[in-house]
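Here's the structure we're looking at; comments come further down.
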Amino acid sequence: MIYTQISFKLTPDSQENREILIALLSDIAFESFDENDESVMGYIPGESANLDEIREITALLPFMVSIEDETIPDQNWNEVWEKNYFKPLLIGGKCLVRAPFHTEYETAEFELVIEPKMAFGTGNHETTTLVAEQILDMDLTGKTVLDMGCGTGILGMLASLKGAKNITAIDIDSWSFESTVENARLNNIFNLEAKLGDAGLLGNETYEIIFANIHKNVIINDLPIYESVLQSGGKLYLSGFYTHDMPDVKAKAESVGLLETGYHEKNNWVVYSFEKS
């Protein structure tokens with residue numbers, strides 16, 4: 001498939017401003033986002049994008065945004081991933097994450113096979129690893145689990161391998177939703193239900209464990225909803241933000257009655273845990 005890449009350069013450029021931009025643009029035609037030191041890149045299927053609409057939206061932001069676009073030609077995404085992006089990953093010494101095309105890899109106690117669709121996002125970001133390491137240390141036997149911002153479905157599928165009774169996996173990106181459905185099928189995981197949407201889908205079910213690996217501003221906005229669907233004594237694991245964001249997250253979590261239980265950090269990224277008493 002051909003994609004249009006839109007590059008956004010922010011002034012001033014900060015992680016918080018990037019999170020605001022991505023959260024705002026997630027409501028329109030973007031399938032996924034990537035970042036480097038200079039800019040945020042969004043990807044839209046097809047050879048053209050409505051730049052006027054995008055500029056109108058970004059003009060409302062409290063910081064400056066410059067926009068450039070280019071067409072990314074159709075190519076063999078598996079080959080691109082294999083060459084440049086997606087290498088076999090061993091998490092916590094226990095869980096191997098690999099693609100179907102990988103032929104050389106270590107064996108591990110747990111194994112997840114991820115089918116790449118395009119070369120944006122590898123599933124091995126620090127936040128994913130941090131939450132996965134928490135799951136590997138947990139006994140999830142018979143637990144009900146919610147995975148918010150599920151991406152390729154790695155965390156929800158690992159929860160299944162760790163004994164979870166059932167998993168609900170939710171993401172606002174259509175690519176993530178489709179990827180989670182496909183990857184669950186590929187790994188013979190049948191107790192995971194993927195849904196396309198945001199926290200507005202929640203309310204009819206409750207969960208013993210919730211993982212939310214999203215952007216800080218989305219997490220803070222949705223914390224009251226997470227608290228409402230978390231069972232008494234349930235655990236909430238939050239990631240997708242930096243250690244310096246922890247005071248803001250903690251203040252909001254405590255305001256809805258959640259108790260801090262600890263955190264783990266890697267390269268200034270953090271997974272922050274709370275409990276509903």
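The way I read the labels, and the way they are meant: chains A, B, ... in the order of the structure tokens, residue 1 as the first residue of every chain, and ligand 1 as the first ligand shown, with later ones counted on from there.
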Subject >> Ile170 (chain A) environment, 10 Å, only C-alpha atoms, sequence neighbours closer than 4 positions dropped, as a ChimeraX atom specification >> reply: /A:146-151,153,156,176-177,180,193-199,201-202,212
Convert the current residue selection to file output with C-alpha atoms, as a CSV table (one decimal), in the first residue's frame.
chain,number,residue,atom,x,y,z
A,146,LEU,CA,-8.0,-4.7,29.9
A,147,ASP,CA,-5.3,-3.6,27.5
A,148,MET,CA,-5.8,0.1,26.5
A,149,GLY,CA,-3.7,1.3,23.6
A,150,CYS,CA,-3.0,-2.3,22.5
A,151,GLY,CA,-1.0,-1.6,19.4
A,153,GLY,CA,-1.6,-6.8,20.8
A,156,GLY,CA,-2.8,-8.6,25.9
A,176,SER,CA,-3.6,-1.5,15.6
A,177,PHE,CA,-7.1,-3.0,15.9
A,180,THR,CA,-4.2,-7.2,17.2
A,193,GLU,CA,-11.4,-9.5,22.1
A,194,ALA,CA,-10.1,-6.5,20.2
A,195,LYS,CA,-12.2,-3.4,19.9
A,196,LEU,CA,-11.7,-0.2,17.8
A,197,GLY,CA,-12.2,3.0,19.8
A,198,ASP,CA,-11.2,4.7,23.0
A,199,ALA,CA,-12.2,4.7,26.7
A,201,LEU,CA,-16.2,2.0,24.9
A,202,LEU,CA,-15.8,1.1,28.6
A,212,ALA,CA,-2.8,1.5,29.7
**OP:** Compile the contact shell of Gln134 (chain A) as a list in words: residues with an atom at most 10 Å away, counting only C-alpha atoms, same-chain residues fewer than 2 positions apart removed.
**Re:**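 Non-adjacent residues within range: Gly92, Thr129, Leu130, Val131, Ala132, Leu136, Asp137, Met138, Tyr237, Tyr263, His264, Val271 and Ser273 of chain A.
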Original post:
If you count only C-alpha atoms, which residues fall within 10 Å of region 30-39 of chain A, apart from same-chain ones fewer than 4 positions away, as number ranges by chain?
Top reply: A: 3-10, 13, 18, 22, 25-26, 43-45, 49, 65-67, 118-121, 151, 172-176
For the selection you just gave me, I'd like the residues written to a file as a PDB file, in the first residue's frame, keeping N, CA and C atoms.
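Contents of again.pdb, as written:
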ATOM      1  N   TYR A   3       1.547   5.123   1.083  1.00  0.00           N
ATOM      2  CA  TYR A   3       1.189   5.992   2.206  1.00  0.00           C
ATOM      3  C   TYR A   3       1.681   7.414   1.953  1.00  0.00           C
ATOM      4  N   THR A   4       0.959   8.372   2.525  1.00  0.00           N
ATOM      5  CA  THR A   4       1.426   9.753   2.583  1.00  0.00           C
ATOM      6  C   THR A   4       1.986  10.002   3.971  1.00  0.00           C
ATOM      7  N   GLN A   5       3.238  10.416   4.015  1.00  0.00           N
ATOM      8  CA  GLN A   5       3.883  10.750   5.278  1.00  0.00           C
ATOM      9  C   GLN A   5       3.797  12.251   5.501  1.00  0.00           C
ATOM     10  N   ILE A   6       3.228  12.645   6.630  1.00  0.00           N
ATOM     11  CA  ILE A   6       3.169  14.054   7.017  1.00  0.00           C
ATOM     12  C   ILE A   6       4.145  14.258   8.164  1.00  0.00           C
ATOM     13  N   SER A   7       5.130  15.143   7.969  1.00  0.00           N
ATOM     14  CA  SER A   7       6.110  15.438   9.014  1.00  0.00           C
ATOM     15  C   SER A   7       5.741  16.738   9.707  1.00  0.00           C
ATOM     16  N   PHE A   8       5.744  16.713  11.030  1.00  0.00           N
ATOM     17  CA  PHE A   8       5.381  17.875  11.836  1.00  0.00           C
ATOM     18  C   PHE A   8       6.593  18.298  12.663  1.00  0.00           C
ATOM     19  N   LYS A   9       7.007  19.542  12.505  1.00  0.00           N
ATOM     20  CA  LYS A   9       8.063  20.098  13.340  1.00  0.00           C
ATOM     21  C   LYS A   9       7.441  21.116  14.286  1.00  0.00           C
ATOM     22  N   LEU A  10       7.700  20.947  15.569  1.00  0.00           N
ATOM     23  CA  LEU A  10       7.042  21.736  16.604  1.00  0.00           C
ATOM     24  C   LEU A  10       7.988  22.790  17.164  1.00  0.00           C
ATOM     25  N   ASP A  13       9.516  22.374  20.765  1.00  0.00           N
ATOM     26  CA  ASP A  13       9.371  20.927  20.649  1.00  0.00           C
ATOM     27  C   ASP A  13       9.571  20.297  22.025  1.00  0.00           C
ATOM     28  N   ARG A  18       4.232  17.083  21.765  1.00  0.00           N
ATOM     29  CA  ARG A  18       4.081  15.971  20.823  1.00  0.00           C
ATOM     30  C   ARG A  18       2.863  15.120  21.174  1.00  0.00           C
ATOM     31  N   ILE A  22      -0.351  14.451  18.687  1.00  0.00           N
ATOM     32  CA  ILE A  22      -0.763  13.104  18.280  1.00  0.00           C
ATOM     33  C   ILE A  22      -2.186  12.812  18.734  1.00  0.00           C
ATOM     34  N   LEU A  25      -4.546  14.638  16.357  1.00  0.00           N
ATOM     35  CA  LEU A  25      -4.582  14.108  14.992  1.00  0.00           C
ATOM     36  C   LEU A  25      -5.127  12.684  14.929  1.00  0.00           C
ATOM     37  N   SER A  26      -5.190  11.999  16.070  1.00  0.00           N
ATOM     38  CA  SER A  26      -5.680  10.620  16.071  1.00  0.00           C
ATOM     39  C   SER A  26      -7.139  10.524  15.679  1.00  0.00           C
ATOM     40  N   TYR A  43       1.095   8.913   9.257  1.00  0.00           N
ATOM     41  CA  TYR A  43       0.950   8.172   8.006  1.00  0.00           C
ATOM     42  C   TYR A  43      -0.517   7.963   7.667  1.00  0.00           C
ATOM     43  N   ILE A  44      -0.862   8.361   6.431  1.00  0.00           N
ATOM     44  CA  ILE A  44      -2.230   8.260   5.929  1.00  0.00           C
ATOM     45  C   ILE A  44      -2.220   7.376   4.693  1.00  0.00           C
ATOM     46  N   PRO A  45      -3.105   6.382   4.600  1.00  0.00           N
ATOM     47  CA  PRO A  45      -3.145   5.535   3.405  1.00  0.00           C
ATOM     48  C   PRO A  45      -3.475   6.356   2.156  1.00  0.00           C
ATOM     49  N   ALA A  49      -3.327  13.693   0.888  1.00  0.00           N
ATOM     50  CA  ALA A  49      -3.955  13.970   2.177  1.00  0.00           C
ATOM     51  C   ALA A  49      -4.513  15.384   2.147  1.00  0.00           C
ATOM     52  N   VAL A  65       3.461  24.772  14.482  1.00  0.00           N
ATOM     53  CA  VAL A  65       3.653  23.491  13.807  1.00  0.00           C
ATOM     54  C   VAL A  65       3.869  23.745  12.324  1.00  0.00           C
ATOM     55  N   SER A  66       5.003  23.282  11.794  1.00  0.00           N
ATOM     56  CA  SER A  66       5.233  23.336  10.352  1.00  0.00           C
ATOM     57  C   SER A  66       5.028  21.940   9.778  1.00  0.00           C
ATOM     58  N   ILE A  67       4.532  21.880   8.529  1.00  0.00           N
ATOM     59  CA  ILE A  67       4.098  20.612   7.945  1.00  0.00           C
ATOM     60  C   ILE A  67       4.767  20.394   6.595  1.00  0.00           C
ATOM     61  N   MET A 118       3.467  -2.772   8.229  1.00  0.00           N
ATOM     62  CA  MET A 118       4.177  -1.641   7.659  1.00  0.00           C
ATOM     63  C   MET A 118       5.297  -1.256   8.610  1.00  0.00           C
ATOM     64  N   ALA A 119       6.245  -0.465   8.125  1.00  0.00           N
ATOM     65  CA  ALA A 119       7.484  -0.254   8.876  1.00  0.00           C
ATOM     66  C   ALA A 119       7.390   0.901   9.864  1.00  0.00           C
ATOM     67  N   PHE A 120       6.305   0.993  10.589  1.00  0.00           N
ATOM     68  CA  PHE A 120       6.137   2.083  11.548  1.00  0.00           C
ATOM     69  C   PHE A 120       5.798   1.486  12.905  1.00  0.00           C
ATOM     70  N   GLY A 121       6.761   1.532  13.837  1.00  0.00           N
ATOM     71  CA  GLY A 121       6.518   0.987  15.154  1.00  0.00           C
ATOM     72  C   GLY A 121       6.916  -0.473  15.213  1.00  0.00           C
ATOM     73  N   GLY A 151      -1.980  -1.484  20.460  1.00  0.00           N
ATOM     74  CA  GLY A 151      -0.963  -1.568  19.412  1.00  0.00           C
ATOM     75  C   GLY A 151      -1.060  -2.865  18.634  1.00  0.00           C
ATOM     76  N   ILE A 172      -7.401   3.097  19.346  1.00  0.00           N
ATOM     77  CA  ILE A 172      -8.105   4.053  18.499  1.00  0.00           C
ATOM     78  C   ILE A 172      -7.681   3.961  17.046  1.00  0.00           C
ATOM     79  N   ASP A 173      -6.505   3.351  16.780  1.00  0.00           N
ATOM     80  CA  ASP A 173      -5.988   3.214  15.415  1.00  0.00           C
ATOM     81  C   ASP A 173      -6.546   1.961  14.746  1.00  0.00           C
ATOM     82  N   SER A 174      -7.064   2.105  13.537  1.00  0.00           N
ATOM     83  CA  SER A 174      -7.608   0.952  12.822  1.00  0.00           C
ATOM     84  C   SER A 174      -6.513  -0.068  12.525  1.00  0.00           C
ATOM     85  N   TRP A 175      -5.281   0.421  12.208  1.00  0.00           N
ATOM     86  CA  TRP A 175      -4.180  -0.504  11.962  1.00  0.00           C
ATOM     87  C   TRP A 175      -3.899  -1.343  13.194  1.00  0.00           C
ATOM     88  N   SER A 176      -3.910  -0.729  14.369  1.00  0.00           N
ATOM     89  CA  SER A 176      -3.642  -1.461  15.604  1.00  0.00           C
ATOM     90  C   SER A 176      -4.731  -2.490  15.868  1.00  0.00           C
TER      91      SER A 176
END
**OP:** Write out as a VMD selection string all residues of region 32-244 of chain A that DSSP puts in helix (DSSP H, G or I) for this structure's backbone.
**Re:** chain A and resid 51 to 58 77 to 85 126 to 136 154 to 161 174 to 186 199 to 201 216 to 229 243 to 244
Expected file: the selected residues, C-alpha atoms, as a short mmCIF file (atom, residue, chain, number, x, y, z; two decimals), in the first residue's frame:
data_model
loop_
_atom_site.label_atom_id
_atom_site.label_comp_id
_atom_site.auth_asym_id
_atom_site.auth_seq_id
_atom_site.Cartn_x
_atom_site.Cartn_y
_atom_site.Cartn_z
CA LEU A 51 -3.34 19.29 4.13
CA ASP A 52 -5.71 22.23 4.48
CA GLU A 53 -7.74 20.36 7.09
CA ILE A 54 -4.58 19.32 8.93
CA ARG A 55 -3.25 22.89 8.94
CA GLU A 56 -6.59 24.20 10.24
CA ILE A 57 -6.44 21.74 13.12
CA THR A 58 -2.80 22.38 14.03
CA TRP A 77 7.00 -4.19 4.24
CA ASN A 78 8.16 -7.56 5.59
CA GLU A 79 11.49 -7.05 3.83
CA VAL A 80 11.80 -3.51 5.17
CA TRP A 81 11.01 -4.61 8.71
CA GLU A 82 13.43 -7.52 8.53
CA LYS A 83 16.24 -5.33 7.22
CA ASN A 84 15.78 -2.14 9.21
CA TYR A 85 13.31 -2.36 12.05
CA GLU A 126 10.81 0.96 26.45
CA THR A 127 7.23 1.36 27.63
CA THR A 128 6.11 -1.88 26.00
CA THR A 129 9.10 -3.69 27.48
CA LEU A 130 8.47 -2.22 30.92
CA VAL A 131 4.84 -3.35 31.02
CA ALA A 132 5.71 -6.75 29.53
CA GLU A 133 8.30 -7.28 32.26
CA GLN A 134 5.61 -6.57 34.84
CA ILE A 135 3.31 -9.13 33.22
CA LEU A 136 6.07 -11.75 33.23
CA ILE A 154 1.65 -7.84 22.48
CA LEU A 155 0.67 -7.07 26.08
CA GLY A 156 -2.80 -8.60 25.88
CA MET A 157 -1.46 -11.73 24.22
CA LEU A 158 1.29 -12.07 26.83
CA ALA A 159 -1.36 -11.74 29.54
CA SER A 160 -3.18 -14.66 27.90
CA LEU A 161 -0.01 -16.76 27.91
CA SER A 174 -7.61 0.95 12.82
CA TRP A 175 -4.18 -0.50 11.96
CA SER A 176 -3.64 -1.46 15.60
CA PHE A 177 -7.09 -3.02 15.87
CA GLU A 178 -6.60 -5.10 12.71
CA SER A 179 -3.06 -6.03 13.74
CA THR A 180 -4.23 -7.23 17.16
CA VAL A 181 -6.97 -9.38 15.61
CA GLU A 182 -4.51 -10.93 13.16
CA ASN A 183 -1.75 -11.47 15.72
CA ALA A 184 -4.10 -13.11 18.22
CA ARG A 185 -5.20 -15.52 15.50
CA LEU A 186 -1.58 -16.14 14.49
CA ALA A 199 -12.17 4.71 26.68
CA GLY A 200 -15.71 5.66 25.69
CA LEU A 201 -16.23 1.96 24.92
CA LYS A 216 0.19 11.06 29.27
CA ASN A 217 -2.63 13.48 28.44
CA VAL A 218 -4.93 10.69 27.30
CA ILE A 219 -4.19 8.70 30.46
CA ILE A 220 -4.90 11.65 32.73
CA ASN A 221 -8.14 12.38 30.91
CA ASP A 222 -9.28 8.75 31.07
CA LEU A 223 -8.21 7.87 34.61
CA PRO A 224 -11.72 8.37 36.06
CA ILE A 225 -13.03 5.83 33.53
CA TYR A 226 -10.26 3.36 34.34
CA GLU A 227 -11.08 3.67 38.03
CA SER A 228 -14.78 3.08 37.38
CA VAL A 229 -14.15 -0.23 35.55
CA THR A 243 9.48 9.95 34.91
CA HIS A 244 9.07 13.73 35.12
#
Original post:
CA of Asp171 (chain A) and CA of Leu192 (chain A), how far apart in Å?
Top reply: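 Between these atoms lies a distance of 13.3 Å.
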Original post:
Which of region 17-93 of chain A counts as strand (DSSP E or B) under DSSP, as a count of residues only please?
Top reply: 22
**OP:** Choose the residue, out of A:Phe110, A:Phe101, A:Phe211, A:Tyr272, that has the smallest atom-to-atom separation from Val249 (chain A); count only C-alpha atoms.
**Re:** A:Tyr272
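Among the candidate residues A:Ala29, A:Ile20, A:Leu89, A:Phe274, the one lying nearest to Lys252 (chain A) is A:Phe274, with distances computed using only C-alpha atoms.
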Original post:
Which one of A:Thr11, A:Ser48, A:Thr107, A:Asn187 sits closest to Pro62 (chain A) if you count only C-alpha atoms?
Top reply: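 Result for the nearest residue to Pro62 (chain A): A:Thr11.
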Subject >> Near-Arg98 (chain A) list (9 Å; only C-alpha atoms; drop same-chain fewer than 5 positions) as an MDAnalysis selection string >> reply: chainID A and resid 86:90 105 111:115
**OP:** May I ask for the distance between CA of Thr71 (chain A) and CA of Glu19 (chain A), given in Å to one decimal place?
**Re:**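 Taking CA of Thr71 (chain A) as the start and CA of Glu19 (chain A) as the end point, the length is 24.2 Å.
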Subject >> Computed interatomic separation between CA of Ala23 (chain A) and CA of His215 (chain A) (Å) >> reply: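 Answer for the CA of Ala23 (chain A) to CA of His215 (chain A) separation: 7.8 Å.
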